[in-house]
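Structure file target00.txt; described as compact mmCIF, C-alpha atoms and all ligand atoms.
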# COMPACT_ATOMS: atom_id res chain seq x y z
CA MET A 1 -45.99 41.68 -141.93
CA ARG A 2 -44.24 44.47 -140.13
CA TYR A 3 -40.52 44.31 -139.89
CA LEU A 4 -37.61 46.51 -139.02
CA GLU A 5 -34.74 46.71 -141.45
CA ILE A 6 -31.30 47.43 -140.04
CA VAL A 7 -29.02 48.70 -142.78
CA SER A 8 -25.50 48.33 -141.49
CA PHE A 9 -22.73 50.28 -143.16
CA VAL A 10 -20.23 48.94 -140.66
CA LYS A 11 -18.83 45.44 -140.53
CA ASP A 12 -17.63 45.73 -137.00
CA PRO A 13 -17.45 42.41 -135.20
CA GLU A 14 -17.18 44.34 -131.95
CA TYR A 15 -20.90 45.12 -132.09
CA ASP A 16 -23.24 42.46 -130.82
CA TRP A 17 -25.53 42.48 -133.84
CA PRO A 18 -27.81 39.62 -132.73
CA GLY A 19 -28.20 41.36 -129.36
CA LEU A 20 -29.14 44.62 -131.04
CA CYS A 21 -31.67 42.94 -133.34
CA GLN A 22 -33.25 41.07 -130.47
CA ARG A 23 -33.52 44.17 -128.36
CA LEU A 24 -35.07 46.31 -131.10
CA GLY A 25 -37.44 43.51 -132.06
CA GLN A 26 -38.66 43.31 -128.47
CA THR A 27 -39.06 47.04 -128.04
CA PHE A 28 -40.94 47.62 -131.27
CA ARG A 29 -42.62 44.20 -131.41
CA MET A 30 -41.56 43.31 -134.92
CA THR A 31 -39.12 41.03 -136.65
CA VAL A 32 -35.75 42.47 -137.50
CA GLN A 33 -33.72 41.95 -140.64
CA LEU A 34 -30.08 42.95 -140.86
CA THR A 35 -28.62 43.89 -144.24
CA TRP A 36 -25.07 44.85 -145.24
CA PRO A 37 -25.25 46.82 -148.48
CA THR A 38 -22.04 47.70 -150.25
CA LEU A 39 -22.28 51.42 -150.67
CA ASP A 40 -19.73 54.20 -150.91
CA LEU A 41 -20.78 56.86 -148.41
CA GLU A 42 -18.43 59.54 -149.72
CA PHE A 43 -21.41 61.41 -151.23
CA ALA A 44 -22.24 62.55 -147.69
CA TYR A 45 -18.70 63.75 -146.92
CA ASN A 46 -18.18 67.44 -146.28
CA PRO A 47 -14.49 68.37 -146.60
CA ALA A 48 -14.93 71.66 -144.72
CA ARG A 49 -16.29 69.84 -141.70
CA GLY A 50 -14.36 66.61 -142.15
CA GLN A 51 -17.63 64.87 -141.27
CA TYR A 52 -20.57 63.22 -143.00
CA LEU A 53 -23.93 64.94 -143.44
CA SER A 54 -26.44 62.78 -141.60
CA THR A 55 -29.38 64.26 -143.51
CA ALA A 56 -27.78 63.08 -146.76
CA MET A 57 -27.53 59.61 -145.24
CA LEU A 58 -31.26 59.70 -144.49
CA SER A 59 -32.03 60.64 -148.09
CA LYS A 60 -29.87 57.77 -149.31
CA LEU A 61 -31.62 55.38 -146.93
CA LEU A 62 -34.98 56.42 -148.39
CA GLU A 63 -33.59 55.52 -151.78
CA ILE A 64 -32.08 52.13 -150.98
CA ARG A 65 -34.40 50.83 -148.27
CA ASN A 66 -36.59 47.83 -148.84
CA PRO A 67 -40.04 49.38 -149.39
CA ALA A 68 -41.60 46.41 -147.64
CA ALA A 69 -39.88 47.30 -144.37
CA THR A 70 -41.87 49.18 -141.75
CA LYS A 71 -38.87 51.23 -140.63
CA SER A 72 -35.25 51.32 -141.80
CA LEU A 73 -32.39 52.12 -139.44
CA GLY A 74 -28.95 52.85 -140.86
CA ILE A 75 -25.91 52.24 -138.66
CA THR A 76 -22.54 53.74 -139.46
CA ASP A 77 -19.23 54.37 -137.75
CA LEU A 78 -18.65 57.64 -139.61
CA ASP A 79 -18.71 60.95 -137.75
CA LEU A 80 -22.06 62.56 -138.60
CA PHE A 81 -23.06 66.24 -138.53
CA ILE A 82 -25.80 68.66 -139.50
CA PRO A 83 -25.02 72.29 -140.39
CA ILE A 84 -25.91 73.82 -137.03
CA LEU A 85 -24.46 71.17 -134.70
CA THR A 86 -20.86 70.21 -134.02
CA TYR A 87 -21.81 66.55 -134.47
CA VAL A 88 -24.81 64.25 -134.13
CA PHE A 89 -25.18 60.78 -132.66
CA GLY A 90 -28.09 60.20 -135.00
CA GLU A 91 -30.94 61.68 -136.97
CA ALA A 92 -34.42 60.47 -137.79
CA GLN A 93 -37.28 61.34 -140.05
CA LEU A 94 -39.98 62.49 -137.61
CA GLY A 95 -43.01 60.27 -138.11
CA GLY A 96 -41.29 58.77 -141.12
CA THR A 97 -39.56 55.58 -142.11
CA VAL A 98 -35.81 56.16 -141.87
CA ALA A 99 -33.28 56.89 -139.15
CA VAL A 100 -29.50 56.73 -138.84
CA VAL A 101 -27.19 56.21 -135.85
CA SER A 102 -23.42 56.61 -135.72
CA GLY A 103 -21.21 54.61 -133.41
CA HIS A 104 -18.33 57.02 -133.95
CA ARG A 105 -18.77 58.96 -130.71
CA LEU A 106 -20.23 56.08 -128.77
CA ARG A 107 -16.83 54.41 -128.34
CA PRO A 108 -15.14 55.29 -125.04
CA SER A 109 -11.84 55.33 -126.98
CA PHE A 110 -13.10 58.39 -128.86
CA TYR A 111 -12.82 60.22 -125.53
CA GLY A 112 -9.41 58.74 -124.74
CA LEU A 113 -10.84 56.11 -122.42
CA PRO A 114 -10.19 52.38 -122.53
CA ASP A 115 -12.64 50.69 -124.86
CA ASP A 116 -15.63 49.08 -123.25
CA ARG A 117 -17.60 46.79 -125.52
CA ASP A 118 -20.63 46.58 -123.23
CA LEU A 119 -20.87 50.33 -122.74
CA ARG A 120 -20.63 50.96 -126.47
CA GLN A 121 -23.32 48.36 -127.13
CA GLU A 122 -25.62 49.90 -124.54
CA ARG A 123 -25.14 53.37 -126.03
CA LEU A 124 -25.88 51.99 -129.50
CA ILE A 125 -29.08 50.36 -128.29
CA LYS A 126 -30.22 53.58 -126.58
CA GLU A 127 -29.55 55.69 -129.64
CA ALA A 128 -31.19 53.15 -131.95
CA VAL A 129 -34.34 53.00 -129.79
CA HIS A 130 -34.28 56.80 -129.51
CA GLU A 131 -34.05 57.44 -133.26
CA LEU A 132 -36.65 54.80 -134.08
CA GLY A 133 -38.91 56.46 -131.49
CA HIS A 134 -38.68 59.62 -133.58
CA THR A 135 -39.78 57.70 -136.67
CA PHE A 136 -42.98 56.87 -134.77
CA GLY A 137 -43.54 60.61 -134.43
CA LEU A 138 -42.32 60.97 -130.84
CA LEU A 139 -40.51 64.16 -129.85
CA HIS A 140 -37.85 64.62 -127.19
CA CYS A 141 -38.96 63.78 -123.69
CA PRO A 142 -38.32 66.09 -120.69
CA ASN A 143 -37.90 63.00 -118.47
CA GLN A 144 -34.12 62.72 -118.29
CA LEU A 145 -34.30 58.97 -117.62
CA CYS A 146 -36.43 58.29 -120.70
CA VAL A 147 -34.63 56.94 -123.74
CA LEU A 148 -36.24 59.79 -125.69
CA ALA A 149 -34.47 62.47 -123.63
CA SER A 150 -32.16 64.41 -125.93
CA SER A 151 -28.43 63.88 -125.46
CA THR A 152 -25.75 66.43 -126.19
CA TYR A 153 -22.85 64.39 -124.85
CA ALA A 154 -22.12 60.69 -124.40
CA GLU A 155 -22.54 61.16 -120.63
CA ASN A 156 -26.15 62.21 -121.28
CA ILE A 157 -26.68 58.92 -123.08
CA ASP A 158 -25.22 57.05 -120.12
CA ASN A 159 -27.48 58.90 -117.70
CA LYS A 160 -30.68 57.90 -119.44
CA GLY A 161 -32.25 54.46 -119.53
CA THR A 162 -32.75 52.05 -122.42
CA GLU A 163 -36.54 52.17 -121.97
CA PHE A 164 -39.29 54.65 -122.78
CA CYS A 165 -40.91 56.41 -119.83
CA ALA A 166 -44.57 55.54 -119.19
CA HIS A 167 -45.77 58.50 -121.24
CA CYS A 168 -43.63 57.73 -124.29
CA GLN A 169 -44.35 54.00 -124.00
CA GLY A 170 -48.03 54.87 -124.20
CA LEU A 171 -47.44 56.84 -127.39
CA ILE A 172 -45.42 53.96 -128.88
CA ASN A 173 -48.17 51.49 -127.93
CA ASP A 174 -50.74 53.71 -129.64
CA ALA A 175 -48.59 54.02 -132.74
CA LEU A 176 -47.97 50.26 -132.91
CA ALA A 177 -51.68 49.57 -132.46
CA ASN A 178 -52.66 51.96 -135.26
CA PRO A 179 -50.57 51.12 -138.31
CA GLN A 180 -53.00 53.10 -140.48
CA THR A 181 -51.47 56.24 -138.97
CA TRP A 182 -47.99 55.26 -140.19
CA PRO A 183 -46.60 56.97 -143.25
CA ARG A 184 -46.92 54.86 -146.35
CA PRO A 185 -43.52 53.49 -147.38
CA MET B 1 -46.55 88.33 -134.92
CA THR B 2 -43.98 85.56 -134.75
CA PHE B 3 -42.99 86.91 -131.38
CA ALA B 4 -46.59 86.54 -130.26
CA ILE B 5 -46.52 82.93 -131.37
CA LEU B 6 -43.35 82.44 -129.36
CA ILE B 7 -45.09 83.80 -126.30
CA VAL B 8 -47.96 81.37 -126.83
CA PHE B 9 -45.43 78.54 -127.16
CA LEU B 10 -43.81 79.66 -123.97
CA ALA B 11 -47.11 79.89 -122.16
CA ILE B 12 -47.86 76.30 -123.16
CA ALA B 13 -44.40 75.19 -122.08
CA LEU B 14 -44.83 76.99 -118.79
CA ALA B 15 -48.21 75.43 -118.16
CA VAL B 16 -47.01 71.93 -119.01
CA ASP B 17 -43.89 72.33 -116.94
CA TRP B 18 -45.82 73.76 -114.04
CA GLN B 19 -48.07 70.71 -114.06
CA LEU B 20 -45.07 68.37 -114.23
CA GLU B 21 -43.19 70.11 -111.50
CA ARG B 22 -46.23 70.40 -109.28
CA LYS B 23 -46.48 66.63 -109.32
CA LYS B 24 -42.92 66.41 -108.12
CA ASN B 25 -43.99 68.71 -105.31
CA SER B 26 -40.90 70.82 -105.78
CA ARG B 27 -41.43 73.92 -103.70
CA ARG B 28 -38.91 75.99 -105.60
CA VAL B 29 -40.27 75.40 -109.06
CA ALA B 30 -43.85 75.37 -107.85
CA LEU B 31 -43.28 78.90 -106.60
CA ALA B 32 -41.71 79.98 -109.85
CA GLY B 33 -44.46 78.24 -111.79
CA GLN B 34 -47.14 79.91 -109.74
CA MET B 35 -45.61 83.28 -110.43
CA SER B 36 -45.16 82.62 -114.09
CA VAL B 37 -48.48 81.03 -114.78
CA GLN B 38 -50.82 82.87 -112.49
CA GLY B 39 -48.95 86.17 -112.41
CA ALA B 40 -46.73 87.51 -109.68
CA PRO B 41 -48.36 88.57 -106.45
CA LYS B 42 -48.42 92.36 -106.54
CA LEU B 43 -47.59 93.01 -102.86
CA VAL B 44 -49.64 96.19 -103.00
CA GLY B 45 -48.60 98.93 -100.58
CA ILE B 46 -45.09 97.62 -100.01
CA PRO B 47 -42.23 99.84 -101.23
CA ALA B 48 -40.48 98.57 -104.35
CA ALA B 49 -37.17 97.95 -102.57
CA ASP B 50 -38.87 95.82 -99.91
CA ARG B 51 -40.82 93.96 -102.51
CA ALA B 52 -37.55 93.00 -104.17
CA ALA B 53 -36.21 91.81 -100.82
CA ILE B 54 -39.34 89.77 -100.24
CA PHE B 55 -39.02 88.20 -103.64
CA ARG B 56 -35.47 87.27 -102.85
CA LYS B 57 -36.70 85.44 -99.77
CA VAL B 58 -39.58 83.61 -101.39
CA LEU B 59 -37.77 82.73 -104.57
CA PRO B 60 -34.63 80.78 -103.64
CA ALA B 61 -33.73 80.40 -107.30
CA LEU B 62 -33.27 84.14 -107.53
CA ALA B 63 -31.22 84.21 -104.35
CA ALA B 64 -29.18 81.30 -105.71
CA ARG B 65 -28.25 83.58 -108.58
CA GLU B 66 -29.91 81.44 -111.15
CA VAL B 67 -29.96 82.88 -114.64
CA TYR B 68 -33.37 84.22 -115.66
CA HIS B 69 -34.18 84.45 -119.36
CA HIS B 70 -36.30 86.93 -121.27
CA PRO B 71 -38.15 85.73 -124.40
CA GLY B 72 -35.87 87.99 -126.46
CA HIS B 73 -32.85 85.91 -125.34
CA ALA B 74 -31.37 88.36 -122.88
CA TRP B 75 -30.70 87.11 -119.35
CA ALA B 76 -30.77 88.61 -115.85
CA ARG B 77 -29.23 87.50 -112.55
CA TRP B 78 -29.12 88.86 -109.02
CA THR B 79 -25.65 90.02 -107.99
CA ASP B 80 -24.00 90.26 -104.56
CA ASP B 81 -24.50 94.00 -104.41
CA ASP B 82 -28.28 93.65 -104.84
CA LEU B 83 -28.10 94.77 -108.43
CA ILE B 84 -29.08 92.78 -111.49
CA SER B 85 -26.51 91.87 -114.08
CA VAL B 86 -27.87 91.39 -117.58
CA GLY B 87 -26.48 90.06 -120.82
CA ALA B 88 -27.14 88.13 -124.02
CA ASN B 89 -27.82 84.43 -123.57
CA GLU B 90 -26.11 81.53 -125.33
CA ILE B 91 -28.52 81.63 -128.28
CA SER B 92 -27.52 85.19 -129.17
CA GLY B 93 -23.84 84.31 -129.03
CA LYS B 94 -24.15 81.07 -130.94
CA LEU B 95 -26.13 82.66 -133.71
CA MET B 96 -23.64 85.48 -134.22
CA GLY B 97 -20.40 83.93 -133.03
CA ALA B 98 -17.65 86.38 -132.12
CA LEU B 99 -19.22 89.84 -132.24
CA ASP B 100 -17.40 92.62 -134.06
CA LEU B 101 -19.79 95.30 -132.81
CA LEU B 102 -21.23 95.93 -129.36
CA GLU B 103 -23.00 99.13 -128.35
CA LEU B 104 -24.09 99.45 -124.72
CA PRO B 105 -26.13 102.22 -123.10
CA PRO B 106 -24.19 104.56 -120.77
CA VAL B 107 -24.32 104.54 -116.98
CA GLY B 108 -27.45 106.40 -115.91
CA ALA B 109 -29.52 105.29 -118.87
CA HIS B 110 -32.99 103.93 -118.11
CA LEU B 111 -33.95 100.60 -119.61
CA ARG B 112 -37.44 99.30 -120.04
CA GLN B 113 -38.30 95.64 -120.11
CA GLY B 114 -39.01 94.49 -123.64
CA ARG B 115 -37.50 97.62 -125.23
CA PRO B 116 -34.21 97.71 -127.16
CA ALA B 117 -31.32 97.90 -124.69
CA TRP B 118 -28.11 97.26 -126.63
CA LYS B 119 -26.88 96.50 -130.12
CA MET B 120 -24.79 93.50 -131.15
CA GLY B 121 -23.42 92.87 -134.60
CA ARG B 122 -21.23 90.76 -136.75
CA LYS B 123 -20.26 91.09 -140.39
CA GLY B 124 -22.80 93.85 -141.03
CA ARG B 125 -25.73 92.08 -139.41
CA PHE B 126 -27.21 93.51 -136.22
CA VAL B 127 -29.54 92.65 -133.40
CA GLU B 128 -31.05 95.21 -131.07
CA GLN B 129 -31.64 93.08 -128.02
CA LEU B 130 -34.60 93.77 -125.77
CA SER B 131 -33.97 94.51 -122.12
CA PRO B 132 -34.89 91.65 -119.79
CA LEU B 133 -35.92 94.10 -117.02
CA SER B 134 -36.54 97.79 -116.39
CA GLY B 135 -34.01 99.78 -114.42
CA GLU B 136 -31.16 102.23 -114.34
CA VAL B 137 -27.76 101.30 -115.73
CA VAL B 138 -25.18 101.54 -112.93
CA GLU B 139 -22.26 99.73 -114.50
CA VAL B 140 -21.10 98.80 -117.99
CA ASN B 141 -18.82 95.82 -118.63
CA GLN B 142 -15.78 97.52 -120.17
CA ALA B 143 -14.14 94.15 -120.80
CA ALA B 144 -17.03 93.16 -123.06
CA LEU B 145 -16.77 96.46 -124.91
CA THR B 146 -13.09 95.93 -125.64
CA ARG B 147 -13.50 92.21 -126.27
CA PRO B 148 -17.05 91.66 -127.62
CA GLU B 149 -16.23 88.02 -128.32
CA LEU B 150 -16.65 87.45 -124.56
CA VAL B 151 -20.41 87.52 -125.19
CA ASN B 152 -20.12 84.28 -127.11
CA ASP B 153 -17.26 82.74 -125.11
CA ALA B 154 -18.78 83.21 -121.65
CA PRO B 155 -22.30 84.64 -122.02
CA TYR B 156 -23.32 84.21 -118.37
CA ARG B 157 -19.98 85.06 -116.75
CA ARG B 158 -17.29 87.36 -118.12
CA GLY B 159 -19.53 88.25 -121.05
CA TRP B 160 -22.15 90.06 -118.92
CA LEU B 161 -23.08 93.46 -120.36
CA LEU B 162 -24.67 95.75 -117.76
CA LYS B 163 -25.48 96.00 -114.10
CA ILE B 164 -28.80 97.66 -113.46
CA ARG B 165 -30.79 98.83 -110.44
CA PRO B 166 -34.17 97.25 -111.18
CA SER B 167 -37.24 99.42 -110.94
CA GLY B 168 -40.07 96.99 -111.54
CA LEU B 169 -38.69 93.63 -110.52
CA ALA B 170 -41.72 92.38 -108.63
CA ASP B 171 -44.03 92.87 -111.58
CA GLU B 172 -41.55 92.06 -114.29
CA LEU B 173 -40.21 88.77 -112.95
CA GLU B 174 -43.28 86.99 -114.25
CA ASN B 175 -42.03 87.63 -117.77
CA LEU B 176 -38.75 85.82 -117.09
CA PHE B 177 -38.10 82.14 -116.56
CA ALA B 178 -35.37 79.90 -115.19
CA GLY B 179 -34.51 76.29 -114.43
CA SER B 180 -36.26 73.56 -116.38
CA LEU B 181 -38.49 76.12 -118.06
CA ALA B 182 -35.44 77.89 -119.40
CA ASP B 183 -33.90 74.61 -120.54
CA ALA B 184 -37.04 73.79 -122.50
CA TRP B 185 -37.08 77.28 -123.95
CA LEU B 186 -33.46 77.11 -125.06
CA THR B 187 -34.04 73.72 -126.65
CA LEU B 188 -37.03 75.13 -128.51
CA SER B 189 -34.93 78.06 -129.71
CA LYS B 190 -32.19 75.75 -130.98
CA GLU B 191 -34.79 73.75 -132.87
CA ARG B 192 -36.03 77.01 -134.35
CA ILE B 193 -32.52 77.85 -135.55
CA ASN B 194 -32.24 74.40 -137.09
CA ALA B 195 -35.58 74.83 -138.82
CA ALA B 196 -34.34 78.07 -140.39
CA PHE B 197 -32.08 75.96 -142.57
CA GLY B 198 -35.13 74.23 -143.94
CA PRO B 199 -35.39 70.60 -144.86
CA PRO B 200 -32.39 69.94 -147.11
CA ASP B 201 -34.48 67.36 -148.92
CA SER B 202 -38.19 67.95 -149.29
CA GLU B 203 -38.69 64.19 -149.33
CA LEU B 204 -37.58 63.99 -145.72
CA LEU B 205 -39.88 66.65 -144.29
CA ALA B 206 -39.15 67.09 -140.59
CA THR B 207 -36.20 65.37 -138.95
CA ALA B 208 -34.92 65.18 -135.38
CA GLN B 209 -31.24 65.07 -134.46
CA ASP B 210 -29.36 64.17 -131.33
CA GLY B 211 -26.03 65.24 -130.02
CA GLY B 212 -23.54 68.00 -130.39
CA GLU B 213 -23.60 71.67 -129.59
CA LEU B 214 -24.63 74.56 -131.76
CA ILE B 215 -21.64 75.65 -133.79
CA ASP B 216 -20.44 79.21 -133.27
CA GLY B 217 -21.67 81.86 -135.69
CA ILE B 218 -24.31 79.62 -137.23
CA GLY B 219 -26.02 82.75 -138.58
CA ASP B 220 -23.16 83.15 -141.08
CA GLN B 221 -24.59 80.21 -142.97
CA LEU B 222 -27.96 81.90 -143.46
CA SER B 223 -29.02 84.04 -146.40
CA ASP B 224 -30.01 87.64 -145.66
CA ALA B 225 -33.69 86.74 -145.91
CA GLN B 226 -33.31 83.72 -143.62
CA TRP B 227 -31.32 85.80 -141.15
CA LYS B 228 -33.98 88.50 -141.09
CA THR B 229 -36.78 86.04 -140.42
CA LEU B 230 -34.87 84.10 -137.78
CA SER B 231 -33.52 87.10 -135.90
CA ARG B 232 -37.02 88.54 -135.75
CA GLN B 233 -38.33 85.23 -134.39
CA LEU B 234 -35.61 84.90 -131.80
CA PHE B 235 -35.10 88.45 -130.66
CA GLY B 236 -38.46 90.06 -131.34
CA GLY B 237 -38.42 93.77 -132.03
CA ARG B 238 -38.63 95.17 -135.51
ZN ZN A 301 -40.40 59.78 -122.30
ZN ZN A 302 -33.80 62.77 -130.61
Turn this file's structure into structure tokens for me.
Ligand SMILES: [Zn+2]
Ligand SMILES: [Zn+2]
Amino acid sequence: MRYLEIVSFVKDPEYDWPGLCQRLGQTFRMTVQLTWPTLDLEFAYNPARGQYLSTAMLSKLLEIRNPAATKSLGITDLDLFIPILTYVFGEAQLGGTVAVVSGHRLRPSFYGLPDDRDLRQERLIKEAVHELGHTFGLLHCPNQLCVLASSTYAENIDNKGTEFCAHCQGLINDALANPQTWPRP
Amino acid sequence: MTFAILIVFLAIALAVDWQLERKKNSRRVALAGQMSVQGAPKLVGIPAADRAAIFRKVLPALAAREVYHHPGHAWARWTDDDLISVGANEISGKLMGALDLLELPPVGAHLRQGRPAWKMGRKGRFVEQLSPLSGEVVEVNQAALTRPELVNDAPYRRGWLLKIRPSGLADELENLFAGSLADAWLTLSKERINAAFGPPDSELLATAQDGGELIDGIGDQLSDAQWKTLSRQLFGGR
């Protein structure tokens, strides 16, 4: 049975976890299981940057994920980076099994704005769908309204939709219909 | 060789984009696409200066002073005085950060599109950037010479490098690109820079990231061998 594993490193009651699970389950047509491992993430910390290396988080996810899961999505509130970028909202293994999303820069309060639970939730959903899309092998989409459009700033996330465009939806449908093309866990 | 591959990439991007934009029936981009994909109309028998004027009329993007990019990551833009200002685009600046060396050709020098035009350097590493267009140098940005870091801080504004009187604009424009084509090209180039760092974990193979801007002087984090390969890919030349 195919299922999506959400590995949450954040026990934030402000997130609507059931809402997120339901949404991802609908989009990717699989059951969703939420886990809360106790894990020290300091291994990914880079003192020079004062941030956490998202690629290291992906490696760790590969290690700790349930091999029975179809895809595993890590969610953290730590500020993630990769060497060439000032920060990342998330990172995914292209055509692989693991992805990670950070809520750190999805909070309006990060930008000095009043916190907005709904906005933060919507951004989280968009980034989760986006990163999981990458794990199905999809690349960035030139359609700025598509959830797979790349986002440099939080405003870019707000400007795109929560759904795939017709083209990307077609690719997702193909991928879901052909599990033999998925990477073996 | 790698530069040739880049050109092929670009051609594919251009073709795809042209198809996309054509659907949207956007006159501006359709014109640009037509020029880029099918080659610029040659306007045989019309003097070069008039040809340039005609291009300015038929290509609103050029008149709107949009930034045009060359595959070697130099840019060109029409100026008020009917000259072309040229410089190094954001990729050049990001890769090298604040330059500590900038050598520009003197006023009167003749540049040729796709040939080395100026030299930029930082911490002993250099790039000879290829000229985006052919023409005669009529002005040199003294501010950039005294403060080379302007190239990274404001690549398309105060960090311009030269003003040139173009000599082959009508024919050469087809080798430049702007708008959504340029956006796609810049994204591709950033992905190329990222790839230069290699997968940090072979288990992961390829990954995709979202968010953030390129950090300044990213090239500092590359080994000499990585730098050599990447700068050749991005800037062409030797
Ligand atoms: Zn799409
Ligand atoms: Zn992405």
Fill in: Selected residue of minimal separation from chain B among A:Val98, A:Leu39, A:Leu73, A:Ala44, counting only C-alpha atoms
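With only C-alpha atoms as the atom set, the closest residue is A:Val98.
Contacts from chain A to chain B at a cut-off of 6 Å (only C-alpha atoms) map to A:Ile84, A:Leu85, A:Thr86, A:Tyr87, A:Val88, A:Phe89, A:Gly90, A:Glu91, A:Ala92, A:Gln93, A:Leu94, A:Ser151, A:Thr152.
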Worksheet entry | Option closest in space to ligand ZN 301 (chain A), from A:Pro13, A:Ser109, A:Phe164, A:Leu171 [counting only C-alpha atoms and all ligand atoms] | A:Phe164
Discussion item. Every residue with an atom at most 9 Å from (-18.8, 50.0, -138.2) (file coordinates; all atoms listed in the file) is what I'm after, so could you write them as a VMD selection string?
Written reply: chain A and resid 8 to 15 75 to 78 102 to 104
Worksheet item: Could you state the separation of CA of Thr162 in chain A and CA of Ala128 in chain A in Å, given to one decimal place?
Response: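 Computed distance, CA of Thr162 in chain A to CA of Ala128 in chain A, equals 9.7 Å.
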Worksheet entry | Expected residue set, 7 Å radius at (-28.9, 81.3, -143.3), all atoms listed in the file, as a PyMOL selection string | chain B and resi 196-197+219-224+226-227
Discussion item. What's around Cys168 in chain A at 10 Å? Count all atoms listed in the file, leave out sequence neighbours fewer than 3 positions away in its own chain, and write the answer as a ChimeraX atom specification.
Written reply: /A:133,138-141,143,146-148,163-165,171-174
Worksheet entry | CA of His167 in chain A to CA of Gln33 in chain A, distance in Å rounded to a single decimal | 28.2 Å
Worksheet item: What does the distance from CA of Val138 in chain B to CA of Arg125 in chain B come to in Å, to one decimal?
Response: 28.1 Å
